[in-house]
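Okay, coords-v8.cif is below, mmCIF, C-alpha atoms and all ligand atoms:
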data_upload
loop_
_atom_site.label_atom_id
_atom_site.label_comp_id
_atom_site.auth_asym_id
_atom_site.auth_seq_id
_atom_site.Cartn_x
_atom_site.Cartn_y
_atom_site.Cartn_z
CA MET L 9 111.10 98.72 73.63
CA ILE L 10 111.28 95.06 74.58
CA LYS L 11 108.49 92.62 73.95
CA SER L 12 106.61 92.29 77.22
CA LEU L 13 107.15 89.22 79.38
CA ASP L 14 103.95 89.83 81.27
CA PRO L 15 101.10 87.47 80.36
CA ARG L 16 98.68 90.24 81.26
CA VAL L 17 100.12 92.31 78.45
CA THR L 18 100.75 89.61 75.87
CA ARG L 19 97.64 87.48 76.33
CA SER L 20 95.04 90.11 77.05
CA GLU L 21 96.70 92.44 74.54
CA ILE L 22 96.56 95.53 76.69
CA ASP L 23 96.96 98.69 74.68
CA LEU L 24 99.91 100.57 76.15
CA ASN L 25 98.17 103.86 75.45
CA ASN L 26 94.89 102.87 77.10
CA SER L 27 93.41 105.80 78.91
CA ILE L 28 90.70 105.71 81.53
CA ASP L 29 88.46 108.20 83.26
CA PRO L 30 89.94 109.27 86.58
CA LEU L 31 88.69 107.54 89.72
CA LYS L 32 85.84 109.46 91.33
CA ASP L 33 85.35 110.07 95.03
CA LEU L 34 84.34 106.91 96.90
CA ASP L 35 85.56 104.69 94.05
CA GLN L 36 87.61 103.01 96.78
CA TRP L 37 84.68 103.10 99.24
CA GLU L 38 84.75 104.33 102.81
CA THR L 39 87.05 103.10 105.55
CA TYR L 40 86.62 100.73 108.46
CA GLU L 41 88.95 100.57 111.44
CA ALA L 42 90.10 97.01 112.11
CA PHE L 43 90.73 95.39 115.50
CA HIS L 44 92.60 92.12 115.81
CA GLN L 45 92.52 89.61 118.64
CA LYS L 46 95.39 87.17 118.51
CA LYS L 47 94.26 84.61 121.06
CA ARG L 48 91.12 84.07 123.07
CA GLY L 49 91.49 85.91 126.32
CA GLU L 50 93.58 88.72 124.85
CA GLN L 51 92.39 92.23 124.04
CA HIS L 52 91.37 93.23 120.53
CA ILE L 53 94.00 95.66 119.28
CA HIS L 54 93.55 98.35 116.66
CA VAL L 55 95.72 97.36 113.68
CA GLY L 56 94.76 99.77 110.89
CA ILE L 57 92.05 100.30 108.33
CA VAL L 58 90.50 98.71 105.28
CA HIS L 59 88.47 100.30 102.49
CA ALA L 60 85.22 98.41 101.99
CA PRO L 61 81.67 98.86 100.71
CA ASN L 62 80.03 97.09 103.66
CA PRO L 63 80.89 95.41 106.98
CA GLU L 64 80.94 91.90 105.52
CA MET L 65 83.54 92.83 102.96
CA ALA L 66 85.42 94.89 105.50
CA LEU L 67 85.79 91.70 107.56
CA LEU L 68 86.99 89.80 104.52
CA PHE L 69 89.58 92.44 103.64
CA ALA L 70 90.65 92.75 107.27
CA LYS L 71 91.19 89.00 107.38
CA ASP L 72 93.40 89.22 104.27
CA GLN L 73 95.27 92.27 105.47
CA TYR L 74 95.72 91.63 109.18
CA GLY L 75 95.20 87.91 109.60
CA ARG L 76 97.08 86.33 106.72
CA ARG L 77 99.90 84.90 108.83
CA GLY L 78 100.45 83.99 112.44
CA ILE L 79 97.44 83.30 114.59
CA THR L 80 94.13 85.08 114.82
CA ALA L 81 91.19 84.37 117.09
CA ASN L 82 88.84 87.17 116.11
CA ILE L 83 88.53 90.39 114.10
CA TRP L 84 86.27 93.39 114.58
CA VAL L 85 85.63 96.17 112.10
CA VAL L 86 83.86 99.44 112.72
CA LYS L 87 83.18 102.32 110.38
CA THR L 88 85.67 105.14 110.88
CA ALA L 89 82.69 107.47 111.22
CA HIS L 90 81.51 105.54 114.27
CA ILE L 91 84.60 106.17 116.36
CA PHE L 92 84.69 109.01 118.84
CA MET L 93 87.91 110.20 120.33
CA THR L 94 89.55 112.69 122.61
CA GLU L 95 91.67 115.45 121.14
CA TYR L 96 95.44 115.27 121.45
CA ASP L 97 95.31 118.99 122.14
CA ASP L 98 93.32 118.31 125.31
CA GLN L 99 96.21 116.39 126.83
CA ASP L 100 95.66 118.26 130.11
CA ILE L 101 92.50 116.27 130.84
CA PHE L 102 94.73 113.27 131.50
CA GLU L 103 97.10 115.08 133.78
CA THR L 104 97.29 113.74 137.27
CA THR L 105 98.64 115.33 140.44
CA PRO L 106 100.87 113.96 143.19
CA GLU L 107 97.97 114.04 145.68
CA LYS L 108 96.20 111.46 143.51
CA ILE L 109 98.53 108.95 145.10
CA TYR L 110 95.41 107.67 146.92
CA ARG L 111 94.47 105.91 143.67
CA GLU L 112 97.70 103.95 143.57
CA ALA L 113 98.59 100.78 145.45
CA GLY L 114 101.87 102.47 146.33
CA GLY L 115 99.95 105.14 148.19
CA TYR L 116 99.26 102.74 151.10
CA LYS L 117 102.18 101.99 153.40
CA VAL L 118 100.67 99.74 156.07
CA MET L 119 103.91 98.07 157.13
CA GLU L 120 105.24 101.40 158.42
CA LYS L 121 102.17 101.79 160.62
CA ILE L 122 102.29 98.18 161.81
CA ASN L 123 105.99 98.40 162.69
CA LYS L 124 105.46 101.66 164.53
CA TYR L 125 102.56 100.19 166.46
CA ARG L 126 104.51 97.06 167.36
CA LYS L 127 107.43 99.13 168.58
CA GLU L 128 105.20 101.32 170.72
CA THR L 129 103.21 98.51 172.24
CA LYS L 130 106.23 96.20 172.48
CA ILE L 131 104.49 93.31 170.75
CA SER L 132 107.11 90.66 170.27
CA LYS L 133 107.26 87.97 167.65
CA MET Q 9 113.74 106.54 95.67
CA TYR Q 10 111.71 103.87 97.30
CA GLY Q 11 110.21 106.17 99.88
CA ASN Q 12 112.94 108.55 100.79
CA ALA Q 13 112.27 112.25 101.05
CA TYR Q 14 112.78 114.01 97.76
CA ILE Q 15 114.43 117.38 97.69
CA ASP Q 16 113.91 119.51 94.65
CA PRO Q 17 117.35 121.01 94.00
CA ASN Q 18 115.76 124.18 92.60
CA GLU Q 19 113.61 124.89 95.64
CA LYS Q 20 114.56 127.89 97.73
CA SER Q 21 115.38 126.57 101.17
CA ASN Q 22 114.61 129.71 103.16
CA SER Q 23 110.96 129.43 102.19
CA ILE Q 24 110.47 126.07 103.92
CA THR Q 25 108.98 127.39 107.12
CA ASP Q 26 107.82 130.77 105.84
CA GLY Q 27 104.49 131.82 107.25
CA GLU Q 28 104.41 129.11 109.93
CA ASP Q 29 103.32 129.99 113.47
CA ILE Q 30 106.65 130.11 115.27
CA GLN Q 31 105.25 128.95 118.63
CA LYS Q 32 103.52 125.96 117.08
CA LEU Q 33 106.62 125.17 115.05
CA ASN Q 34 108.78 125.19 118.19
CA ALA Q 35 106.37 122.91 120.04
CA PHE Q 36 106.28 120.57 117.03
CA GLU Q 37 110.06 120.46 116.77
CA SER Q 38 110.60 119.88 120.47
CA ARG Q 39 108.08 117.03 120.39
CA ILE Q 40 110.12 115.40 117.64
CA SER Q 41 113.46 115.99 119.31
CA ASN Q 42 112.02 114.36 122.46
CA GLY Q 43 111.39 111.25 120.38
CA GLU Q 44 107.62 111.64 120.44
CA LYS Q 45 105.55 110.82 117.36
CA ILE Q 46 103.32 113.17 115.42
CA GLU Q 47 99.73 111.98 114.98
CA PRO Q 48 97.35 112.82 112.10
CA LYS Q 49 95.37 115.62 113.73
CA ASP Q 50 98.39 117.37 115.25
CA TRP Q 51 99.51 120.71 113.92
CA MET Q 52 102.35 120.26 111.44
CA PRO Q 53 104.27 122.54 109.06
CA LYS Q 54 103.00 122.55 105.48
CA GLU Q 55 106.32 121.30 104.18
CA TYR Q 56 106.27 118.35 106.61
CA ARG Q 57 102.85 117.29 105.36
CA LYS Q 58 103.82 117.78 101.72
CA GLN Q 59 107.03 115.76 101.96
CA LEU Q 60 105.36 112.96 103.90
CA VAL Q 61 102.48 112.65 101.45
CA ARG Q 62 104.91 112.56 98.55
CA MET Q 63 107.18 110.06 100.26
CA ILE Q 64 104.53 107.68 101.60
CA GLU Q 65 102.51 107.81 98.39
CA GLN Q 66 105.58 107.06 96.29
CA HIS Q 67 106.41 104.20 98.62
CA ALA Q 68 102.87 102.79 98.25
CA HIS Q 69 103.05 103.03 94.45
CA SER Q 70 106.40 101.23 94.54
CA GLU Q 71 104.87 98.32 96.42
CA ILE Q 72 101.99 97.96 94.00
CA ILE Q 73 104.08 98.38 90.83
CA GLY Q 74 106.81 96.21 92.33
CA ALA Q 75 104.33 93.36 92.45
CA LEU Q 76 104.11 93.41 88.64
CA PRO Q 77 107.57 92.15 87.55
CA GLU Q 78 107.42 89.45 90.22
CA GLY Q 79 103.79 88.59 89.59
CA THR Q 80 104.74 87.77 86.01
CA TRP Q 81 106.72 84.80 87.33
CA ILE Q 82 104.07 83.18 89.53
CA THR Q 83 102.84 80.79 86.85
CA ARG Q 84 106.38 79.94 85.79
CA ALA Q 85 108.06 79.65 89.19
CA PRO Q 86 109.78 76.24 89.34
CA GLY Q 87 107.71 73.93 91.51
CA PHE Q 88 104.53 74.22 93.49
CA ARG Q 89 106.16 75.40 96.71
CA ARG Q 90 107.88 78.31 94.99
CA LYS Q 91 104.63 79.27 93.25
CA LEU Q 92 102.90 79.36 96.63
CA ALA Q 93 105.73 81.36 98.20
CA LEU Q 94 105.88 83.86 95.35
CA MET Q 95 102.13 84.30 95.44
CA ALA Q 96 102.37 84.99 99.17
CA LYS Q 97 105.14 87.52 98.61
CA VAL Q 98 103.22 89.33 95.88
CA GLN Q 99 100.14 89.40 98.09
CA ASP Q 100 102.26 90.89 100.89
CA GLU Q 101 103.55 93.63 98.58
CA VAL Q 102 100.03 94.61 97.58
CA GLY Q 103 99.12 94.57 101.27
CA HIS Q 104 102.05 96.90 101.93
CA ALA Q 105 100.66 99.30 99.34
CA GLN Q 106 97.32 99.30 101.15
CA LEU Q 107 98.93 99.99 104.52
CA LEU Q 108 100.96 102.83 103.05
CA TYR Q 109 98.06 104.38 101.14
CA SER Q 110 96.18 104.39 104.45
CA ALA Q 111 99.03 106.17 106.21
CA ALA Q 112 99.18 108.81 103.45
CA GLU Q 113 95.40 109.21 103.60
CA THR Q 114 95.62 110.32 107.23
CA LEU Q 115 97.47 113.38 105.89
CA GLY Q 116 94.51 114.36 103.75
CA LYS Q 117 95.09 112.92 100.28
CA SER Q 118 92.44 110.39 99.24
CA ARG Q 119 93.32 106.98 97.86
CA GLU Q 120 91.47 107.85 94.65
CA ALA Q 121 93.65 110.94 94.18
CA MET Q 122 96.81 108.90 94.75
CA ILE Q 123 95.78 106.20 92.28
CA ASN Q 124 94.87 108.86 89.72
CA ASP Q 125 98.30 110.41 90.09
CA LEU Q 126 99.91 107.00 89.65
CA ILE Q 127 98.06 105.95 86.51
CA THR Q 128 98.50 109.28 84.78
CA GLY Q 129 102.23 109.16 85.47
CA LYS Q 130 102.18 112.22 87.72
CA SER Q 131 103.49 110.37 90.80
CA LYS Q 132 106.68 108.40 90.71
CA TYR Q 133 107.48 104.96 92.04
CA SER Q 134 110.74 103.14 92.54
CA ASN Q 135 112.69 103.24 89.31
CA VAL Q 136 113.87 99.63 89.57
CA PHE Q 137 110.43 98.38 88.61
CA ASN Q 138 110.73 99.93 85.17
CA TYR Q 139 113.06 97.07 84.26
CA PRO Q 140 111.87 93.60 83.22
CA ALA Q 141 112.46 90.31 85.00
CA TYR Q 142 113.77 88.38 81.98
CA THR Q 143 114.36 85.04 83.66
CA TRP Q 144 113.43 83.22 86.85
CA ALA Q 145 116.82 84.29 88.20
CA ASP Q 146 115.83 87.94 87.77
CA ALA Q 147 112.78 87.32 89.96
CA CYS Q 148 115.10 85.73 92.55
CA ILE Q 149 117.56 88.65 92.48
CA ILE Q 150 114.65 91.08 92.92
CA ALA Q 151 113.27 89.15 95.88
CA TRP Q 152 116.67 89.05 97.54
CA LEU Q 153 118.47 92.29 96.72
CA ILE Q 154 115.70 94.75 95.89
CA ASP Q 155 113.87 93.68 99.02
CA ALA Q 156 117.13 93.98 100.93
CA GLY Q 157 117.43 97.57 99.77
CA ALA Q 158 113.81 98.21 100.65
CA ILE Q 159 114.37 96.82 104.14
CA ILE Q 160 117.29 99.17 104.79
CA ASN Q 161 115.10 102.08 103.78
CA GLN Q 162 112.06 100.88 105.69
CA VAL Q 163 113.90 100.09 108.91
CA ALA Q 164 115.36 103.61 108.84
CA ASN Q 165 112.02 105.26 108.09
CA ALA Q 166 110.25 103.24 110.79
CA LYS Q 167 112.15 105.39 113.30
CA GLY Q 168 110.77 108.56 111.72
CA SER Q 169 108.42 111.00 113.37
CA TYR Q 170 105.03 110.37 111.75
CA GLY Q 171 103.07 107.81 113.78
CA PRO Q 172 100.90 106.22 111.07
CA TYR Q 173 103.88 105.75 108.71
CA CYS Q 174 105.98 104.18 111.48
CA ARG Q 175 103.18 101.80 112.44
CA ALA Q 176 102.69 100.72 108.82
CA LEU Q 177 106.44 100.20 108.42
CA ASP Q 178 106.68 98.11 111.57
CA ARG Q 179 104.09 95.71 110.15
CA ILE Q 180 105.80 95.75 106.75
CA CYS Q 181 109.28 95.03 108.12
CA VAL Q 182 108.07 91.85 109.79
CA GLU Q 183 106.88 90.52 106.43
CA GLU Q 184 109.95 91.71 104.57
CA SER Q 185 112.12 89.33 106.56
CA PHE Q 186 110.26 86.47 104.86
CA HIS Q 187 110.79 88.08 101.44
CA LEU Q 188 114.50 88.42 102.05
CA LYS Q 189 114.92 84.81 103.23
CA TYR Q 190 112.82 83.53 100.38
CA GLY Q 191 114.85 85.52 97.85
CA HIS Q 192 118.16 84.49 99.36
CA ASP Q 193 117.12 80.83 99.38
CA ASN Q 194 116.26 81.02 95.68
CA VAL Q 195 119.52 82.74 94.77
CA VAL Q 196 121.51 80.21 96.84
CA THR Q 197 119.74 77.35 95.07
CA LEU Q 198 120.76 78.72 91.68
CA ALA Q 199 124.27 79.74 92.72
CA THR Q 200 125.02 76.32 94.20
CA GLY Q 201 123.34 74.47 91.35
CA SER Q 202 124.35 73.42 87.86
CA LYS Q 203 126.59 75.42 85.55
CA ILE Q 204 123.56 76.68 83.65
CA GLN Q 205 121.89 77.80 86.88
CA ARG Q 206 125.03 79.64 88.01
CA GLU Q 207 125.30 81.41 84.67
CA MET Q 208 121.66 82.34 84.80
CA VAL Q 209 121.92 83.92 88.25
CA GLN Q 210 125.15 85.73 87.38
CA ALA Q 211 123.53 87.16 84.24
CA ALA Q 212 120.56 88.35 86.30
CA LEU Q 213 122.88 89.96 88.85
CA ASN Q 214 124.71 91.73 86.03
CA ARG Q 215 121.43 93.08 84.67
CA TRP Q 216 120.17 94.20 88.07
CA TRP Q 217 123.32 95.72 89.49
CA PRO Q 218 122.92 99.17 87.85
CA PRO Q 219 119.27 99.51 88.98
CA ILE Q 220 120.30 98.33 92.46
CA MET Q 221 122.95 101.05 92.62
CA HIS Q 222 120.29 103.54 91.51
CA PHE Q 223 117.87 102.28 94.13
CA PHE Q 224 118.69 104.75 96.92
CA GLY Q 225 118.83 107.71 94.55
CA PRO Q 226 121.62 110.17 93.72
CA SER Q 227 123.82 111.70 96.41
CA ASP Q 228 121.93 114.27 98.43
CA LYS Q 229 122.87 117.84 97.96
CA ILE Q 230 123.65 118.99 101.47
CA SER Q 231 121.29 121.89 101.90
CA LEU Q 232 119.30 123.58 104.60
CA HIS Q 233 116.29 121.73 103.23
CA THR Q 234 117.93 118.34 103.80
CA GLU Q 235 118.90 119.42 107.29
CA ILE Q 236 115.37 120.47 108.19
CA LEU Q 237 113.85 117.26 106.85
CA MET Q 238 116.36 115.30 108.90
CA LYS Q 239 115.60 117.36 111.99
CA TRP Q 240 111.89 116.69 111.46
CA LYS Q 241 112.71 112.99 111.07
CA VAL Q 242 111.15 112.80 107.63
CA LYS Q 243 114.43 111.86 106.04
CA MET Q 244 116.25 109.41 108.28
CA ALA Q 245 119.48 108.83 106.40
CA THR Q 246 121.20 110.21 103.34
CA ASN Q 247 120.94 108.24 100.11
CA ASP Q 248 124.69 107.62 100.17
CA ASP Q 249 124.61 106.31 103.75
CA MET Q 250 121.90 103.84 102.85
CA ARG Q 251 123.80 102.73 99.76
CA GLN Q 252 126.91 102.17 101.90
CA GLN Q 253 124.88 100.15 104.39
CA PHE Q 254 123.50 98.02 101.58
CA LEU Q 255 126.93 97.34 100.09
CA ASN Q 256 128.32 96.54 103.49
CA MET Q 257 125.64 93.99 104.24
CA TYR Q 258 125.18 92.35 100.86
CA VAL Q 259 128.37 92.49 98.79
CA PRO Q 260 130.08 89.94 101.10
CA LYS Q 261 127.01 87.72 100.85
CA ILE Q 262 127.14 87.92 97.05
CA TRP Q 263 130.84 87.08 97.05
CA ASP Q 264 130.20 84.15 99.43
CA LEU Q 265 128.26 82.50 96.62
CA GLY Q 266 131.13 82.82 94.19
CA LEU Q 267 129.24 85.41 92.17
CA THR Q 268 130.91 88.55 90.85
CA VAL Q 269 129.59 92.05 91.10
CA PRO Q 270 129.87 93.72 87.69
CA ASP Q 271 131.89 96.69 88.89
CA SER Q 272 135.68 96.44 88.73
CA LYS Q 273 136.07 99.46 91.03
CA LEU Q 274 133.98 97.97 93.83
CA MET Q 275 136.06 97.58 97.00
CA LYS Q 276 136.20 98.62 100.60
CA ASN Q 277 138.79 101.31 101.23
CA ASN Q 278 140.96 101.94 104.32
CA GLU Q 279 138.28 104.14 105.85
CA ASN Q 280 135.85 101.23 105.79
CA LYS Q 281 133.85 102.84 103.01
CA TRP Q 282 132.82 101.21 99.78
CA GLU Q 283 134.19 102.65 96.59
CA TYR Q 284 132.32 102.01 93.38
CA THR Q 285 131.86 103.28 89.86
CA GLU Q 286 129.50 106.23 90.00
CA PRO Q 287 126.12 104.99 88.75
CA ASP Q 288 124.87 106.43 85.48
CA TRP Q 289 122.50 109.10 86.75
CA ASP Q 290 121.55 110.21 83.25
CA GLU Q 291 120.16 106.75 82.63
CA PHE Q 292 118.37 106.98 86.00
CA LYS Q 293 116.76 110.28 85.01
CA ARG Q 294 115.84 109.02 81.58
CA VAL Q 295 114.10 105.96 83.04
CA ILE Q 296 112.34 107.73 85.90
CA ASN Q 297 110.93 110.21 83.41
CA GLY Q 298 109.29 107.51 81.37
CA GLY Q 299 112.08 106.28 79.10
CA GLY Q 300 112.70 102.86 80.66
CA PRO Q 301 111.91 99.52 79.03
CA CYS Q 302 108.74 98.89 81.09
CA ASN Q 303 107.35 102.28 82.19
CA ALA Q 304 104.51 102.33 79.65
CA GLU Q 305 103.59 98.72 80.30
CA ARG Q 306 103.51 99.06 84.10
CA LEU Q 307 101.05 101.93 83.98
CA ALA Q 308 98.97 100.34 81.23
CA VAL Q 309 98.57 97.19 83.33
CA ARG Q 310 97.54 99.30 86.33
CA ARG Q 311 95.03 101.31 84.29
CA ASN Q 312 93.63 98.12 82.87
CA ALA Q 313 93.12 96.70 86.36
CA GLU Q 314 91.42 99.87 87.59
CA GLU Q 315 89.16 99.95 84.55
CA ARG Q 316 88.16 96.31 84.72
CA GLY Q 317 87.40 96.36 88.42
CA ARG Q 318 85.48 99.60 88.30
CA TRP Q 319 82.00 98.20 87.62
CA VAL Q 320 82.36 95.81 90.55
CA ARG Q 321 83.35 98.60 92.92
CA GLN Q 322 80.49 100.77 91.68
CA ALA Q 323 77.96 97.97 91.99
CA LEU Q 324 78.98 97.43 95.60
CA LEU Q 325 79.04 101.07 96.62
CA ALA Q 326 76.35 101.72 99.22
CA LYS Q 327 74.26 104.87 98.69
CA ASP Q 328 74.82 106.25 102.16
CA SER Q 329 78.63 105.89 102.01
CA LYS Q 330 80.57 108.85 103.23
CA TYR Q 331 84.32 109.18 103.14
CA LEU Q 332 86.10 110.26 106.29
CA ILE Q 333 89.82 110.58 106.76
CA PRO Q 334 90.95 107.42 108.57
CA LEU Q 335 92.05 107.92 112.16
CA ALA Q 336 95.44 106.34 112.39
FE FE L 401 107.04 95.47 100.45
FE FE L 402 109.04 92.81 99.95
#

Now that the file is in, can you turn its structure into structure tokens?
Amino acid sequence: MIKSLDPRVTRSEIDLNNSIDPLKDLDQWETYEAFHQKKRGEQHIHVGIVHAPNPEMALLFAKDQYGRRGITANIWVVKTAHIFMTEYDDQDIFETTPEKIYREAGGYKVMEKINKYRKETKISK
Amino acid sequence: MYGNAYIDPNEKSNSITDGEDIQKLNAFESRISNGEKIEPKDWMPKEYRKQLVRMIEQHAHSEIIGALPEGTWITRAPGFRRKLALMAKVQDEVGHAQLLYSAAETLGKSREAMINDLITGKSKYSNVFNYPAYTWADACIIAWLIDAGAIINQVANAKGSYGPYCRALDRICVEESFHLKYGHDNVVTLATGSKIQREMVQAALNRWWPPIMHFFGPSDKISLHTEILMKWKVKMATNDDMRQQFLNMYVPKIWDLGLTVPDSKLMKNNENKWEYTEPDWDEFKRVINGGGPCNAERLAVRRNAEERGRWVRQALLAKDSKYLIPLA
């Protein structure tokens, strides 16, 4: 056994056989989902979670965890419990059909109609 | 062993998927072979969940324990700029632990349970952190070469199949590139410095070489179990492949600095593979099972931190708190 080089061990004289009671449920608090906005004008993006006892501290931890380098304009946190979501197993609710082409810009081919009309009516340039 | 899937050599491999719903298993496997990710609430085989929890948890512990040998050097880092940089690196490592604990939590193991398993010695963490950082040069070698090894592992695992782990690793890899550059810069400073500095960094390299060779773990036994974990994209590369990749990338960089690697057998053979002296796996086993120079101290420091912070966490705990498994 070497003599420790760690000031935490040598100066605070930590007993190497210290034992502690196990952590109980919620020792690490509940979780908040964090959303990060890089620049004004951009969307907030979900970046992960933090464990925190309240929203104020969740914001503090989220700043440390997700905003400690690069640029940040804004952070949101919301309790995990307050998020509602669809089920991955219900993937079929997002299925779309070819006839839904009426929702897409590509579903409208006006030039074809115009060209046909011009040909028929002999409108010249 | 920094977050690579662990295969118990005594486990019977035909029992891996026993009792699983074959239809669900097929759908799960075809999702993975299509390159799609698995998300927390998806159906998954028991063995997939078990291996991922073990792997991600062990990875998280490695980040948090890995901060200890380096943290020791913050107050003694030469110069204000290096103190700031080392503090930032250590903070990043602790942040990595948090990201990884979160990813493991989505699989159903609470952070409290993981910390309990760490401080009682039930869970493992990367063996390299059971060795001390004797000098400033040791801290520099850790920041360069241990982080380099970690990056190889993390880049591979980031292409795995479990969504939350991949997302955490993507964030982590961005920060690791700073760690690597910072470590390399420090080693270059010493290696291009005075005679005393060169001797110091060479001595640190000599001390750290065996743990570095241990870093990726012993050769994998090629078994059905390994094959399945690779098919499920839990294990992304064999330990030997990662070790080869490391040697290929870093041995030339070490030699560039006029340093020597303390292994007379180390060389690249005609098949473009590195040959080396087989690491001492008995020593590895002895250390990982608690017999290393710093095992007791690492866990004692962790227990001390948990104990001292406990009253603060309890005082802040709101009465109506309720734990829910995080979403992603
Ligand atoms: Fe890290
Ligand atoms: Fe790192």

Centre, x/y/z edge lengths, axis-aligned box for segment 148-166 of chain Q with 4 Å per side, as lines of an AutoDock Vina configuration file:
center_x = 114.4
center_y = 95.5
center_z = 101.6
size_x = 16.2
size_y = 27.5
size_z = 26.3

Taking only residues of chain Q that have an atom at most 9 Å from an atom of ligand FE 402 (chain L), what is each one's shortest atom pair and its distance in Å to one decimal, using only C-alpha atoms and all ligand atoms, in chain and number order, as a tab-separated table?
residue	atom	partner	partner_atom	distance
Q:Glu71	CA	L:FE402	FE	7.8
Q:Gly74	CA	L:FE402	FE	8.6
Q:Ala75	CA	L:FE402	FE	8.9
Q:Lys97	CA	L:FE402	FE	6.7
Q:Val98	CA	L:FE402	FE	7.9
Q:Asp100	CA	L:FE402	FE	7.1
Q:Glu101	CA	L:FE402	FE	5.7
Q:His104	CA	L:FE402	FE	8.3
Q:Ala151	CA	L:FE402	FE	6.9
Q:Trp152	CA	L:FE402	FE	8.8
Q:Ile154	CA	L:FE402	FE	8.0
Q:Asp155	CA	L:FE402	FE	5.0
Q:Ala156	CA	L:FE402	FE	8.2
Q:Ala158	CA	L:FE402	FE	7.2
Q:Ile159	CA	L:FE402	FE	7.9
Q:Ile180	CA	L:FE402	FE	8.1
Q:Cys181	CA	L:FE402	FE	8.5
Q:Glu183	CA	L:FE402	FE	7.2
Q:Glu184	CA	L:FE402	FE	4.8
Q:Ser185	CA	L:FE402	FE	8.1
Q:Phe186	CA	L:FE402	FE	8.1
Q:His187	CA	L:FE402	FE	5.3
Q:Leu188	CA	L:FE402	FE	7.3

Once you have the residues from the selection above, write them out as an mmCIF file, keeping the file's coordinate frame, restricted to C-alpha atoms.
data_model
loop_
_atom_site.group_PDB
_atom_site.id
_atom_site.type_symbol
_atom_site.label_atom_id
_atom_site.label_comp_id
_atom_site.auth_asym_id
_atom_site.auth_seq_id
_atom_site.Cartn_x
_atom_site.Cartn_y
_atom_site.Cartn_z
ATOM 1 C CA GLU Q 71 104.870 98.320 96.420
ATOM 2 C CA GLY Q 74 106.810 96.210 92.330
ATOM 3 C CA ALA Q 75 104.330 93.360 92.450
ATOM 4 C CA LYS Q 97 105.140 87.520 98.610
ATOM 5 C CA VAL Q 98 103.220 89.330 95.880
ATOM 6 C CA ASP Q 100 102.260 90.890 100.890
ATOM 7 C CA GLU Q 101 103.550 93.630 98.580
ATOM 8 C CA HIS Q 104 102.050 96.900 101.930
ATOM 9 C CA ALA Q 151 113.270 89.150 95.880
ATOM 10 C CA TRP Q 152 116.670 89.050 97.540
ATOM 11 C CA ILE Q 154 115.700 94.750 95.890
ATOM 12 C CA ASP Q 155 113.870 93.680 99.020
ATOM 13 C CA ALA Q 156 117.130 93.980 100.930
ATOM 14 C CA ALA Q 158 113.810 98.210 100.650
ATOM 15 C CA ILE Q 159 114.370 96.820 104.140
ATOM 16 C CA ILE Q 180 105.800 95.750 106.750
ATOM 17 C CA CYS Q 181 109.280 95.030 108.120
ATOM 18 C CA GLU Q 183 106.880 90.520 106.430
ATOM 19 C CA GLU Q 184 109.950 91.710 104.570
ATOM 20 C CA SER Q 185 112.120 89.330 106.560
ATOM 21 C CA PHE Q 186 110.260 86.470 104.860
ATOM 22 C CA HIS Q 187 110.790 88.080 101.440
ATOM 23 C CA LEU Q 188 114.500 88.420 102.050
#

Could you check which residues have any atom within 7 Å of (100.2, 101.9, 74.6), counting only C-alpha atoms with coordinates taken straight from the file, and then list them as JSON, numbers by chain?
{"L": [23, 24, 25, 26], "Q": [304, 308]}

For ligand FE 401 (chain L), which residue out of Q:Gly116, Q:Gly103, Q:Pro287, Q:Pro140 is the nearest one, using all atoms listed in the file?
Q:Gly103

Can I get the residues of chain Q within 6 Å of chain L, each with the closest pair of atoms and their distance in Å to one decimal, using all atoms listed in the file, sorted chain first then ascending number, as JSON lines?
{"residue": "Q:Thr80", "atom": "CA", "partner": "L:Asp14", "partner_atom": "CA", "distance": 5.2}
{"residue": "Q:Glu120", "atom": "CA", "partner": "L:Leu31", "partner_atom": "CA", "distance": 5.7}
{"residue": "Q:Asn124", "atom": "CA", "partner": "L:Pro30", "partner_atom": "CA", "distance": 5.9}
{"residue": "Q:Pro301", "atom": "CA", "partner": "L:Met9", "partner_atom": "CA", "distance": 5.5}
{"residue": "Q:Glu305", "atom": "CA", "partner": "L:Leu24", "partner_atom": "CA", "distance": 5.8}
{"residue": "Q:Ala308", "atom": "CA", "partner": "L:Leu24", "partner_atom": "CA", "distance": 5.2}
{"residue": "Q:Leu324", "atom": "CA", "partner": "L:Pro61", "partner_atom": "CA", "distance": 5.9}
{"residue": "Q:Leu325", "atom": "CA", "partner": "L:Pro61", "partner_atom": "CA", "distance": 5.3}
{"residue": "Q:Tyr331", "atom": "CA", "partner": "L:Glu38", "partner_atom": "CA", "distance": 4.9}

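For the pair atom CA of Asn135 of chain Q and atom CA of Arg294 of chain Q, the separation is 10.2 Å.
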
Calculated over only C-alpha atoms, which of the candidates Q:Glu28, Q:Asp228, Q:Glu78, Q:Glu314 has the smallest distance to Asp146 of chain Q?
Q:Glu78

Pick from Q:Gln252, Q:Glu44, Q:Pro226, Q:Thr234, whichever lies nearest to Lys293 of chain Q using all atoms listed in the file:
Q:Pro226

Rounded to one decimal place, report the atom CA of Pro86 of chain Q-atom CA of Trp144 of chain Q distance in Å.
8.3 Å
